[in-house]
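Everything below concerns the one structure shown next.
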Amino acid sequence: MEIAFTSEELEQIEKLKALYPESKAAIMPVLWMAQKKFDWLSEDVMKHVAEVMDLPYAHVMGVASFYTMYHKKPMGRNHVQVCTNISCMLKGGMEVYEHVKQRLGVGHTQATSDGKFSLEEVECMGACGGAPMIAINEDFYENVTLQSTDALLDKCV
Amino acid sequence: MYTAPNLVLPRVENLSSLDVYLKHGGFDAYRRAIHLSTDEVIDEVKRSGLRGRGGACFPTGLKWSFMPKSTDKPKYLAINGDESEPGSFKDRQIFEYNPHQLIEGILIASYAMGISKSFIYIRGEYHKWVRLMEDALAEAYAKGYVGSGMKQTFGNDYTTDIVVHKGAGAYICGEETSLMSSLEGDRGYPRFKPPFPANKGLWGMPTTINNVETLAAIPPIMMLGGDAYAQIGAKGHSGTILYGVSGHINNPAVFELPTGLLLTDLIYNYCNGIPNNKRIKAVIPGGSSMPPLRGDEIEGVRLDEESLKVLGTHIGTAGVMVMDEDTDIVAVTLRIAKFYHHESCGQCTPCREGCGWMEKILHRIQDGDATSGDIDLLYDVASNIEGNTICALGDAAAWPVKGFIEKFRDEFEVLCKPQRSFVALNVVHGKRSTASTLVRQA
């Protein structure tokens, strides 16, 4: 796949830049766009973002590496995030994490070889009232059990 | 049980739709505000006694009054919706159920301080709530309640813009100066204060940073009047607050209740007590960075900043975490230390190195390979982080560790050995026989 934004996307990037007093501030939304389009932020993707944003590549990489949600390596189609922070831990979040780890056979920020799943032990996701919780890609699932987690993973394609 | 109306999260269905919000008095508070002078609005907020809901409890009216009045520079408002404090899940209720009240609060704040543009910084994990907030904002723009349409809607010349900015997973960006670095498109490193944001904030311009819940509380203040709002809740920390209760509790949820509520009332009456009627071992009153309260201390404790300060802890973000009698305190402390180690931005040595050491020592204690001296060492490391960093993350990492050691030292001690034994490998030359053979041959 060629690493390049389409002309419509470039237009959208210009609009994002215009939202801020300085165009550099649009880097986070643009990195989000890039991650959505290219799945993860490879060196080539970050170089393209640098070009589009008219910023040094080192700066783009600096920003991308600061935030955990920008993937710097390929992740699975279903990125499973299990919270093990205190509220979830008290309600069995660690067990859920261990269970998913066993089932998928991968560790923290690793993807399965078929690219279907990846796993991440995440810090508090702000769903403490629904502990324990997991998130698959962008969706939160609260008050999960080992069984309901299995059911959720079964449904993934 | 407390029965007064909810001010920030009223029980009205579909309030997230602008039409429903308008039907229930939406934007009346803003209309009232623009008939006052900007000083009068700030004065009203000052009299309400509203203190920031993001953790530091700084008086909101006072913060607003720091913004320079006679300046031709653009002024900015950043709304902190990063909400990453473990145990805190209140702002997302506002994004979901009452986004227009937040928008109205932003408009009032913007009018009072002469803000030209605001940025709502929402944490990256909140994909759904970012979308909900963007939808609400788009609706408000389309119907002329934000942006250039305001002139026609409200009949005066003042207009302001609001932008939703999505974070990407960094706890530190909830710290106000780090949030500004992040918004400007840099790594989210906190900055030294002074200069304070009111003088030199976003892009070097005067900036105010307020929590989402703080701004959502502004419209009710304008409607009720500052003096009436000050009567609600505890003296010195007035108003209603969103308590987010989690952990070992039968009914974990967000409750909007007055400040100064009895902790036991919250746990037993509103949250239905502890599962299996177990007893309480510890309660963290305000998110993971606040020192804990021991079970035998919570009787009669009131949840407001002034009351908790006396007990050596703080209301923080009012994220109340309850732990039952079977909780492994060392494991909890280790998990907290691990969190702060992961989230330290790495700028200041005491925090970057100290958080790592705290995690390592706690691992050693949990593995049963530590002595009492290690607990003292842990306490010492925590004390050397506290107060020695640019931002408050250092304190946030040190407080819970120190608090848990102070209150539950026995739990740590039982895992310790009287002394550590070291096996030193003695690597020596052991081929004397070959040497003697060589000598004989010669």
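Here, A, B, ... name the chains of the structure tokens in the order displayed, residue numbers run from 1 inside each chain, and ligands are numbered from 1 in the same displayed order.
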If you count only C-alpha atoms, which residues fall within 12 Å of A:Val60, apart from same-chain ones fewer than 3 positions away, as a PyMOL selection string? (chain A and resi 24-28+30-31+34+41-57+63-67+70+72) or (chain B and resi 185-187)
Print the selection's residues with N, CA, C and O atoms to a file, as a compact mmCIF listing (two decimals), in the first residue's frame.
# COMPACT_ATOMS: atom_id res chain seq x y z
N LYS A 24 1.16 23.44 13.98
CA LYS A 24 1.83 22.31 14.63
C LYS A 24 0.87 21.57 15.57
O LYS A 24 0.96 20.36 15.76
N ALA A 25 -0.07 22.32 16.16
CA ALA A 25 -0.99 21.74 17.13
C ALA A 25 -1.88 20.65 16.53
O ALA A 25 -2.45 19.84 17.25
N ALA A 26 -1.98 20.64 15.20
CA ALA A 26 -2.84 19.63 14.56
C ALA A 26 -2.17 18.27 14.48
O ALA A 26 -2.75 17.31 13.97
N ILE A 27 -0.97 18.16 15.00
CA ILE A 27 -0.23 16.90 14.84
C ILE A 27 -0.96 15.72 15.48
O ILE A 27 -0.99 14.63 14.91
N MET A 28 -1.58 15.94 16.66
CA MET A 28 -2.25 14.80 17.29
C MET A 28 -3.45 14.30 16.47
O MET A 28 -3.53 13.12 16.18
N VAL A 30 -3.85 14.63 13.34
CA VAL A 30 -3.34 14.07 12.08
C VAL A 30 -2.74 12.67 12.32
O VAL A 30 -2.93 11.75 11.52
N LEU A 31 -2.06 12.51 13.46
CA LEU A 31 -1.54 11.17 13.77
C LEU A 31 -2.69 10.18 13.97
O LEU A 31 -2.61 9.02 13.59
N ALA A 34 -3.79 9.24 10.59
CA ALA A 34 -2.81 8.35 9.97
C ALA A 34 -2.96 6.94 10.53
O ALA A 34 -2.92 5.95 9.80
N LEU A 41 1.72 3.34 13.05
CA LEU A 41 2.59 4.42 12.61
C LEU A 41 3.99 3.89 12.33
O LEU A 41 4.85 3.87 13.20
N SER A 42 4.21 3.47 11.10
CA SER A 42 5.53 3.01 10.71
C SER A 42 6.41 4.24 10.45
O SER A 42 5.93 5.36 10.42
N GLU A 43 7.67 3.98 10.23
CA GLU A 43 8.59 5.09 9.96
C GLU A 43 8.13 5.87 8.72
O GLU A 43 8.14 7.10 8.72
N ASP A 44 7.68 5.12 7.71
CA ASP A 44 7.25 5.79 6.48
C ASP A 44 6.02 6.65 6.71
O ASP A 44 5.89 7.74 6.15
N VAL A 45 5.10 6.12 7.54
CA VAL A 45 3.89 6.90 7.84
C VAL A 45 4.28 8.19 8.56
O VAL A 45 3.82 9.28 8.21
N MET A 46 5.15 8.05 9.55
CA MET A 46 5.55 9.24 10.31
C MET A 46 6.29 10.24 9.42
O MET A 46 6.13 11.45 9.57
N LYS A 47 7.07 9.71 8.47
CA LYS A 47 7.77 10.61 7.53
C LYS A 47 6.75 11.36 6.67
O LYS A 47 6.92 12.55 6.39
N HIS A 48 5.71 10.62 6.25
CA HIS A 48 4.68 11.27 5.43
C HIS A 48 3.95 12.34 6.25
O HIS A 48 3.67 13.44 5.75
N VAL A 49 3.63 12.01 7.52
CA VAL A 49 2.98 12.99 8.40
C VAL A 49 3.87 14.22 8.55
O VAL A 49 3.41 15.36 8.49
N ALA A 50 5.17 13.98 8.72
CA ALA A 50 6.11 15.09 8.88
C ALA A 50 6.07 16.00 7.66
O ALA A 50 6.06 17.23 7.76
N GLU A 51 6.00 15.36 6.48
CA GLU A 51 5.97 16.13 5.23
C GLU A 51 4.70 16.98 5.16
O GLU A 51 4.74 18.18 4.87
N VAL A 52 3.57 16.31 5.44
CA VAL A 52 2.27 16.98 5.34
C VAL A 52 2.18 18.11 6.36
O VAL A 52 1.62 19.18 6.09
N MET A 53 2.75 17.87 7.55
CA MET A 53 2.65 18.86 8.63
C MET A 53 3.76 19.90 8.56
O MET A 53 3.79 20.84 9.35
N ASP A 54 4.71 19.68 7.65
CA ASP A 54 5.85 20.58 7.52
C ASP A 54 6.62 20.68 8.85
O ASP A 54 6.94 21.77 9.34
N LEU A 55 6.85 19.52 9.44
CA LEU A 55 7.58 19.43 10.70
C LEU A 55 8.75 18.47 10.52
O LEU A 55 8.70 17.60 9.65
N PRO A 56 9.77 18.59 11.35
CA PRO A 56 10.86 17.60 11.25
C PRO A 56 10.36 16.21 11.62
O PRO A 56 9.50 16.08 12.52
N TYR A 57 10.88 15.21 10.97
CA TYR A 57 10.49 13.81 11.27
C TYR A 57 10.73 13.50 12.74
O TYR A 57 9.93 12.83 13.39
N VAL A 63 6.59 12.98 19.25
CA VAL A 63 5.20 13.07 19.72
C VAL A 63 4.56 11.68 19.70
O VAL A 63 3.94 11.24 20.67
N ALA A 64 4.74 10.97 18.60
CA ALA A 64 4.11 9.64 18.47
C ALA A 64 4.59 8.69 19.56
O ALA A 64 3.82 7.89 20.09
N SER A 65 5.88 8.82 19.92
CA SER A 65 6.40 7.87 20.91
C SER A 65 6.01 8.27 22.33
O SER A 65 6.13 7.48 23.25
N PHE A 66 5.55 9.50 22.53
CA PHE A 66 5.18 9.94 23.88
C PHE A 66 3.85 9.34 24.31
O PHE A 66 3.64 9.07 25.49
N TYR A 67 2.96 9.14 23.36
CA TYR A 67 1.60 8.71 23.69
C TYR A 67 1.42 7.22 23.43
O TYR A 67 1.73 6.74 22.35
N TYR A 70 -0.74 5.68 20.25
CA TYR A 70 -0.23 5.60 18.87
C TYR A 70 0.61 4.33 18.77
O TYR A 70 1.60 4.19 19.48
N LYS A 72 3.31 1.99 17.50
CA LYS A 72 4.57 2.09 16.77
C LYS A 72 4.96 0.75 16.16
O LYS A 72 6.05 0.60 15.62
N GLY B 185 1.05 20.66 20.36
CA GLY B 185 1.63 19.74 19.39
C GLY B 185 3.01 19.24 19.76
O GLY B 185 3.77 18.79 18.90
N ASP B 186 3.34 19.35 21.04
CA ASP B 186 4.63 18.82 21.50
C ASP B 186 4.40 17.58 22.34
O ASP B 186 3.27 17.20 22.61
N ARG B 187 5.50 16.96 22.77
CA ARG B 187 5.37 15.91 23.78
C ARG B 187 4.78 16.55 25.02
O ARG B 187 5.07 17.69 25.33
Using only C-alpha atoms, determine which residues of chain B fall within 6 Å of chain A; present them as a list in words. Pro86, Gly87, Phe89, His127, Ala168, Gly169, Ala170, Leu183, Glu184, Gly185, Arg187, Ser246, Gly247, Pro252 and Ala253 of chain B
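Running DSSP on the backbone gives strand (DSSP E or B) for these residues within stretch 29-148 of chain A: Asn78, His79, Val80, Gln81, Val82, Cys83, Gln110, Ala111, Phe117, Ser118, Leu119, Glu120, Glu121, Val122, Ile134, Ala135, Ile136, Asp139, Phe140 and Tyr141 of chain A.
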Neighbouring residues of B:Val164 were defined as those with any atom within 7 Å, considering only C-alpha atoms; residues of the same chain fewer than 4 positions away were excluded. Please report them as a count of residues only. 4
Non-local contacts of B:Leu266 (10 Å; only C-alpha atoms; under 2 positions in same chain excluded) as a PyMOL selection string: chain B and resi 1+243+245+255+257+261-264+268-273+302-303+320
Output the selection as a compact mmCIF listing (two decimals), in the first residue's frame - all heavy atoms for each residue.
# COMPACT_ATOMS: atom_id res chain seq x y z
N MET B 1 -31.54 10.72 53.52
CA MET B 1 -30.97 10.86 52.17
C MET B 1 -31.20 12.29 51.65
O MET B 1 -32.23 12.89 51.89
CB MET B 1 -31.62 9.86 51.20
CG MET B 1 -31.44 8.42 51.58
SD MET B 1 -29.94 7.68 50.97
CE MET B 1 -30.43 7.08 49.36
N TYR B 243 -19.34 12.35 42.99
CA TYR B 243 -18.57 11.31 43.65
C TYR B 243 -18.59 10.07 42.76
O TYR B 243 -19.68 9.59 42.41
CB TYR B 243 -19.18 10.93 45.00
CG TYR B 243 -19.20 12.03 46.02
CD1 TYR B 243 -20.37 12.74 46.28
CD2 TYR B 243 -18.06 12.34 46.75
CE1 TYR B 243 -20.40 13.74 47.25
CE2 TYR B 243 -18.08 13.34 47.72
CZ TYR B 243 -19.26 14.04 47.96
OH TYR B 243 -19.29 15.03 48.91
N VAL B 245 -17.80 6.31 42.89
CA VAL B 245 -17.44 5.28 43.87
C VAL B 245 -17.15 3.97 43.13
O VAL B 245 -17.93 3.54 42.27
CB VAL B 245 -18.55 5.07 44.91
CG1 VAL B 245 -18.03 4.23 46.07
CG2 VAL B 245 -19.08 6.40 45.41
N PHE B 255 -22.35 9.67 41.74
CA PHE B 255 -23.45 10.30 42.45
C PHE B 255 -23.19 11.80 42.54
O PHE B 255 -22.12 12.20 42.96
CB PHE B 255 -23.56 9.76 43.88
CG PHE B 255 -23.83 8.29 43.95
CD1 PHE B 255 -22.79 7.38 43.96
CD2 PHE B 255 -25.13 7.81 44.01
CE1 PHE B 255 -23.02 6.02 44.02
CE2 PHE B 255 -25.38 6.45 44.07
CZ PHE B 255 -24.33 5.55 44.07
N LEU B 257 -23.84 14.76 44.67
CA LEU B 257 -24.31 15.04 46.02
C LEU B 257 -23.54 16.24 46.56
O LEU B 257 -22.49 16.60 46.02
CB LEU B 257 -24.06 13.82 46.92
CG LEU B 257 -24.91 12.58 46.59
CD1 LEU B 257 -24.31 11.34 47.22
CD2 LEU B 257 -26.34 12.77 47.04
N LEU B 261 -20.43 15.43 52.48
CA LEU B 261 -21.25 14.25 52.78
C LEU B 261 -20.44 13.29 53.66
O LEU B 261 -19.22 13.19 53.52
CB LEU B 261 -21.59 13.56 51.46
CG LEU B 261 -22.56 12.39 51.48
CD1 LEU B 261 -23.98 12.89 51.64
CD2 LEU B 261 -22.44 11.59 50.19
N LEU B 262 -21.16 12.59 54.54
CA LEU B 262 -20.47 11.59 55.35
C LEU B 262 -20.02 10.44 54.46
O LEU B 262 -20.81 9.90 53.68
CB LEU B 262 -21.41 11.05 56.42
CG LEU B 262 -21.55 11.83 57.73
CD1 LEU B 262 -22.62 11.20 58.59
CD2 LEU B 262 -20.23 11.90 58.48
N LEU B 263 -18.76 10.03 54.61
CA LEU B 263 -18.24 8.93 53.80
C LEU B 263 -19.05 7.65 54.03
O LEU B 263 -19.37 6.92 53.09
CB LEU B 263 -16.75 8.72 54.14
CG LEU B 263 -16.02 7.57 53.46
CD1 LEU B 263 -16.14 7.65 51.94
CD2 LEU B 263 -14.54 7.58 53.84
N THR B 264 -19.39 7.41 55.27
CA THR B 264 -20.16 6.20 55.58
C THR B 264 -21.56 6.26 54.96
O THR B 264 -22.11 5.25 54.54
CB THR B 264 -20.29 6.02 57.10
OG1 THR B 264 -20.59 7.28 57.68
CG2 THR B 264 -19.01 5.48 57.70
N TYR B 268 -22.71 3.33 52.61
CA TYR B 268 -23.78 2.41 53.04
C TYR B 268 -25.16 2.79 52.52
O TYR B 268 -25.97 1.92 52.21
CB TYR B 268 -23.78 2.29 54.56
CG TYR B 268 -22.55 1.58 55.07
CD1 TYR B 268 -21.53 2.27 55.71
CD2 TYR B 268 -22.39 0.21 54.86
CE1 TYR B 268 -20.38 1.62 56.14
CE2 TYR B 268 -21.25 -0.44 55.28
CZ TYR B 268 -20.25 0.26 55.92
OH TYR B 268 -19.12 -0.39 56.33
N ASN B 269 -25.46 4.10 52.41
CA ASN B 269 -26.80 4.47 51.97
C ASN B 269 -26.92 4.60 50.46
O ASN B 269 -27.88 4.13 49.87
CB ASN B 269 -27.23 5.77 52.63
CG ASN B 269 -27.43 5.58 54.12
OD1 ASN B 269 -27.70 4.45 54.57
ND2 ASN B 269 -27.28 6.63 54.89
N TYR B 270 -25.95 5.24 49.84
CA TYR B 270 -26.06 5.45 48.40
C TYR B 270 -25.52 4.25 47.61
O TYR B 270 -26.00 3.94 46.55
CB TYR B 270 -25.33 6.73 47.99
CG TYR B 270 -26.04 7.97 48.48
CD1 TYR B 270 -25.70 8.56 49.68
CD2 TYR B 270 -27.09 8.52 47.75
CE1 TYR B 270 -26.37 9.69 50.15
CE2 TYR B 270 -27.77 9.64 48.19
CZ TYR B 270 -27.41 10.21 49.39
OH TYR B 270 -28.09 11.31 49.84
N CYS B 271 -24.50 3.61 48.15
CA CYS B 271 -23.87 2.52 47.39
C CYS B 271 -24.20 1.14 47.95
O CYS B 271 -23.59 0.15 47.54
CB CYS B 271 -22.36 2.70 47.38
SG CYS B 271 -21.84 4.22 46.63
N ASN B 272 -25.10 1.09 48.90
CA ASN B 272 -25.56 -0.21 49.41
C ASN B 272 -24.50 -1.05 50.11
O ASN B 272 -24.63 -2.27 50.16
CB ASN B 272 -26.14 -1.04 48.27
CG ASN B 272 -27.61 -0.78 48.13
OD1 ASN B 272 -28.27 -0.46 49.11
ND2 ASN B 272 -28.11 -0.89 46.91
N GLY B 273 -23.46 -0.43 50.58
CA GLY B 273 -22.48 -1.17 51.38
C GLY B 273 -21.54 -2.06 50.58
O GLY B 273 -21.41 -1.95 49.36
N ARG B 302 -16.08 13.53 56.73
CA ARG B 302 -16.88 14.24 55.73
C ARG B 302 -16.05 14.49 54.47
O ARG B 302 -14.86 14.78 54.55
CB ARG B 302 -17.40 15.56 56.30
CG ARG B 302 -18.46 15.32 57.35
CD ARG B 302 -19.21 16.56 57.74
NE ARG B 302 -20.25 16.20 58.70
CZ ARG B 302 -21.46 15.79 58.37
NH1 ARG B 302 -21.79 15.72 57.09
NH2 ARG B 302 -22.34 15.45 59.29
N LEU B 303 -16.73 14.35 53.34
CA LEU B 303 -16.02 14.43 52.06
C LEU B 303 -16.00 15.86 51.52
O LEU B 303 -16.78 16.22 50.65
CB LEU B 303 -16.65 13.47 51.06
CG LEU B 303 -16.45 11.99 51.38
CD1 LEU B 303 -17.37 11.13 50.54
CD2 LEU B 303 -15.00 11.58 51.18
N VAL B 320 -13.85 7.87 44.87
CA VAL B 320 -13.74 7.12 46.13
C VAL B 320 -13.54 5.64 45.82
O VAL B 320 -14.36 5.03 45.14
CB VAL B 320 -15.02 7.31 46.98
CG1 VAL B 320 -14.93 6.51 48.28
CG2 VAL B 320 -15.25 8.79 47.27
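Considering only C-alpha atoms, the residue among B:Tyr189, B:Tyr379, B:Trp64, B:Tyr30 positioned nearest to B:Gly346 is B:Tyr189.
Atom CA of B:Ile115 is positioned 14.5 Å from atom CA of B:Ala33.
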Using DSSP secondary structure from the backbone, list all alpha helix (DSSP H) positions within stretch 341-435 of chain B, as JSON, numbers by chain. {"B": [341, 342, 343, 349, 350, 351, 352, 353, 354, 355, 356, 357, 358, 359, 360, 361, 362, 363, 364, 365, 366, 372, 373, 374, 375, 376, 377, 378, 379, 380, 381, 382, 383, 384, 385, 393, 394, 395, 396, 397, 398, 399, 400, 401, 402, 403, 404, 405, 406, 407, 408, 409, 410, 411, 412, 413, 432, 433, 434, 435]}
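For B:Cys355, the list of residues within 9 Å, based on only C-alpha atoms and with local chain neighbours fewer than 3 positions off taken out, reads Ala337, Lys338, Tyr340, His341, His342, Ser344, Pro350, Cys351, Arg352, Met358, Glu359, Lys360, Val381, Ala382, Ile385, Gly394, Ala397 and Ala398 of chain B.
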Suppose we keep N, CA and C atoms; can you now write the selection as a PDB file, in the first residue's frame?
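Dumped everything to selection38.pdb:
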ATOM      1  N   ALA B 337       2.167   2.115  42.419  1.00  0.00           N
ATOM      2  CA  ALA B 337       3.544   2.510  42.095  1.00  0.00           C
ATOM      3  C   ALA B 337       3.859   2.188  40.632  1.00  0.00           C
ATOM      4  N   LYS B 338       3.369   1.044  40.171  1.00  0.00           N
ATOM      5  CA  LYS B 338       3.609   0.643  38.785  1.00  0.00           C
ATOM      6  C   LYS B 338       2.970   1.657  37.829  1.00  0.00           C
ATOM      7  N   TYR B 340       2.355   4.871  38.362  1.00  0.00           N
ATOM      8  CA  TYR B 340       3.089   6.139  38.280  1.00  0.00           C
ATOM      9  C   TYR B 340       4.433   5.975  37.588  1.00  0.00           C
ATOM     10  N   HIS B 341       5.034   4.820  37.726  1.00  0.00           N
ATOM     11  CA  HIS B 341       6.280   4.563  37.008  1.00  0.00           C
ATOM     12  C   HIS B 341       6.017   4.593  35.505  1.00  0.00           C
ATOM     13  N   HIS B 342       4.907   3.983  35.110  1.00  0.00           N
ATOM     14  CA  HIS B 342       4.547   3.947  33.696  1.00  0.00           C
ATOM     15  C   HIS B 342       4.225   5.336  33.164  1.00  0.00           C
ATOM     16  N   SER B 344       5.156   8.404  34.467  1.00  0.00           N
ATOM     17  CA  SER B 344       6.119   9.488  34.646  1.00  0.00           C
ATOM     18  C   SER B 344       6.644   9.914  33.274  1.00  0.00           C
ATOM     19  N   PRO B 350      14.076  12.816  40.067  1.00  0.00           N
ATOM     20  CA  PRO B 350      13.487  12.159  41.241  1.00  0.00           C
ATOM     21  C   PRO B 350      12.271  11.314  40.886  1.00  0.00           C
ATOM     22  N   CYS B 351      11.452  11.796  39.977  1.00  0.00           N
ATOM     23  CA  CYS B 351      10.230  11.079  39.613  1.00  0.00           C
ATOM     24  C   CYS B 351      10.548   9.919  38.665  1.00  0.00           C
ATOM     25  N   ARG B 352      11.345  10.202  37.633  1.00  0.00           N
ATOM     26  CA  ARG B 352      11.668   9.173  36.643  1.00  0.00           C
ATOM     27  C   ARG B 352      12.352   7.971  37.291  1.00  0.00           C
ATOM     28  N   MET B 358      10.645   2.682  43.483  1.00  0.00           N
ATOM     29  CA  MET B 358       9.530   2.318  44.374  1.00  0.00           C
ATOM     30  C   MET B 358       8.887   1.020  43.898  1.00  0.00           C
ATOM     31  N   GLU B 359       8.723   0.930  42.567  1.00  0.00           N
ATOM     32  CA  GLU B 359       8.107  -0.296  42.034  1.00  0.00           C
ATOM     33  C   GLU B 359       8.994  -1.512  42.320  1.00  0.00           C
ATOM     34  N   LYS B 360      10.311  -1.324  42.121  1.00  0.00           N
ATOM     35  CA  LYS B 360      11.238  -2.448  42.341  1.00  0.00           C
ATOM     36  C   LYS B 360      11.232  -2.896  43.798  1.00  0.00           C
ATOM     37  N   VAL B 381      12.671   6.942  49.606  1.00  0.00           N
ATOM     38  CA  VAL B 381      12.630   7.256  48.172  1.00  0.00           C
ATOM     39  C   VAL B 381      11.401   8.120  47.874  1.00  0.00           C
ATOM     40  N   ALA B 382      10.254   7.705  48.447  1.00  0.00           N
ATOM     41  CA  ALA B 382       9.016   8.468  48.224  1.00  0.00           C
ATOM     42  C   ALA B 382       9.179   9.900  48.728  1.00  0.00           C
ATOM     43  N   ILE B 385      11.053  12.073  46.359  1.00  0.00           N
ATOM     44  CA  ILE B 385      10.380  12.472  45.119  1.00  0.00           C
ATOM     45  C   ILE B 385       9.488  13.674  45.413  1.00  0.00           C
ATOM     46  N   GLY B 394       4.990  13.812  40.765  1.00  0.00           N
ATOM     47  CA  GLY B 394       5.908  13.287  41.774  1.00  0.00           C
ATOM     48  C   GLY B 394       5.212  13.122  43.112  1.00  0.00           C
ATOM     49  N   ALA B 397       2.706  10.335  43.071  1.00  0.00           N
ATOM     50  CA  ALA B 397       3.297   9.005  43.175  1.00  0.00           C
ATOM     51  C   ALA B 397       3.734   8.713  44.607  1.00  0.00           C
ATOM     52  N   ALA B 398       4.226   9.747  45.291  1.00  0.00           N
ATOM     53  CA  ALA B 398       4.782   9.554  46.628  1.00  0.00           C
ATOM     54  C   ALA B 398       3.705   9.426  47.708  1.00  0.00           C
TER      55      ALA B 398
END
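Within 9 Å of stretch 405-418 of chain B there are Pro292, Leu293, Arg294, Asp328, Ile329, Val330, Thr333, Ile365, Gln366, Asp367, Gly368, Asp369, Ala370, Thr371, Ser372, Asp374, Ile375, Leu378, Tyr379 and Pro400 of chain B, counting only C-alpha atoms and ignoring same-chain residues fewer than 5 positions away.
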Using the selection just defined, write its residues with N, CA, C and O atoms as a tab-separated table (two decimals), in the first residue's frame.
chain	number	residue	atom	x	y	z
B	292	PRO	N	-4.48	7.16	51.58
B	292	PRO	CA	-5.69	6.42	51.94
B	292	PRO	C	-6.14	6.71	53.38
B	292	PRO	O	-5.38	7.25	54.18
B	293	LEU	N	-7.36	6.31	53.66
B	293	LEU	CA	-7.87	6.33	55.03
B	293	LEU	C	-8.01	4.88	55.46
B	293	LEU	O	-8.44	4.04	54.67
B	294	ARG	N	-7.65	4.59	56.73
B	294	ARG	CA	-7.79	3.23	57.20
B	294	ARG	C	-9.24	3.00	57.62
B	294	ARG	O	-9.93	3.95	58.00
B	328	ASP	N	-5.32	-7.14	49.60
B	328	ASP	CA	-3.87	-7.22	49.78
B	328	ASP	C	-3.30	-5.82	49.57
B	328	ASP	O	-3.17	-5.34	48.43
B	329	ILE	N	-3.01	-5.16	50.70
B	329	ILE	CA	-2.58	-3.75	50.63
B	329	ILE	C	-1.26	-3.60	49.87
B	329	ILE	O	-1.07	-2.65	49.10
B	330	VAL	N	-0.34	-4.55	50.05
B	330	VAL	CA	0.95	-4.44	49.36
B	330	VAL	C	0.74	-4.53	47.85
B	330	VAL	O	1.35	-3.77	47.08
B	333	THR	N	-0.59	-1.20	46.69
B	333	THR	CA	0.47	-0.18	46.66
B	333	THR	C	1.39	-0.41	45.46
B	333	THR	O	1.77	0.54	44.77
B	365	ILE	N	9.36	-6.58	48.20
B	365	ILE	CA	8.57	-6.84	49.40
B	365	ILE	C	7.53	-7.91	49.12
B	365	ILE	O	7.36	-8.87	49.87
B	366	GLN	N	6.85	-7.77	47.97
B	366	GLN	CA	5.80	-8.73	47.65
B	366	GLN	C	6.37	-10.14	47.44
B	366	GLN	O	5.75	-11.14	47.79
B	367	ASP	N	7.57	-10.20	46.87
B	367	ASP	CA	8.19	-11.50	46.64
B	367	ASP	C	8.77	-12.12	47.91
B	367	ASP	O	9.35	-13.21	47.87
B	368	GLY	N	8.68	-11.39	49.03
B	368	GLY	CA	9.18	-11.91	50.30
B	368	GLY	C	10.69	-11.88	50.39
B	368	GLY	O	11.29	-12.66	51.13
B	369	ASP	N	11.32	-11.00	49.64
B	369	ASP	CA	12.77	-10.97	49.62
B	369	ASP	C	13.31	-9.68	50.23
B	369	ASP	O	14.43	-9.27	49.97
B	370	ALA	N	12.47	-9.01	51.04
B	370	ALA	CA	12.89	-7.72	51.59
B	370	ALA	C	13.01	-7.79	53.10
B	370	ALA	O	12.52	-8.72	53.73
B	371	THR	N	13.68	-6.80	53.66
B	371	THR	CA	13.74	-6.68	55.13
B	371	THR	C	13.03	-5.38	55.52
B	371	THR	O	12.66	-4.59	54.65
B	372	SER	N	12.87	-5.17	56.83
B	372	SER	CA	12.23	-3.93	57.29
B	372	SER	C	12.96	-2.70	56.76
B	372	SER	O	12.36	-1.66	56.51
B	374	ASP	N	14.04	-2.23	53.94
B	374	ASP	CA	13.55	-1.89	52.60
B	374	ASP	C	12.30	-1.01	52.68
B	374	ASP	O	12.06	-0.18	51.81
B	375	ILE	N	11.50	-1.24	53.73
B	375	ILE	CA	10.31	-0.40	53.89
B	375	ILE	C	10.74	1.03	54.18
B	375	ILE	O	10.19	1.98	53.63
B	378	LEU	N	11.98	2.49	51.01
B	378	LEU	CA	10.84	2.86	50.16
B	378	LEU	C	10.27	4.20	50.59
B	378	LEU	O	10.01	5.08	49.76
B	379	TYR	N	10.10	4.35	51.90
B	379	TYR	CA	9.56	5.60	52.44
B	379	TYR	C	10.49	6.76	52.12
B	379	TYR	O	10.06	7.85	51.77
B	400	PRO	N	0.48	8.21	47.94
B	400	PRO	CA	-0.17	6.94	48.29
B	400	PRO	C	0.82	5.93	48.88
B	400	PRO	O	0.46	5.21	49.82
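Residues in contact with stretch 43-46 of chain B at up to 9 Å, not including ones fewer than 5 positions away on its chain and judged by only C-alpha atoms, are Thr38, Pro59, Thr60, Gly61, Leu62, Ser65, Ile218, Ile221, Met222, Gly225, Gly226 and Asp227 of chain B.
Across A:Cys83, A:Ile3, A:Asn78, A:Ala151, the tightest approach to A:Tyr97 is made by A:Cys83 when counting only C-alpha atoms.
Take atom CA of B:Asn80 and atom CA of A:His79: the distance between them is 26.8 Å.
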Counting only C-alpha atoms, the option among B:Lys23, B:Arg123, B:Lys309, B:Lys281 closest to B:Asp82: B:Arg123
Å distance separating atom CA of B:Glu13 from atom CA of B:Asn211, one decimal place: 24.4 Å
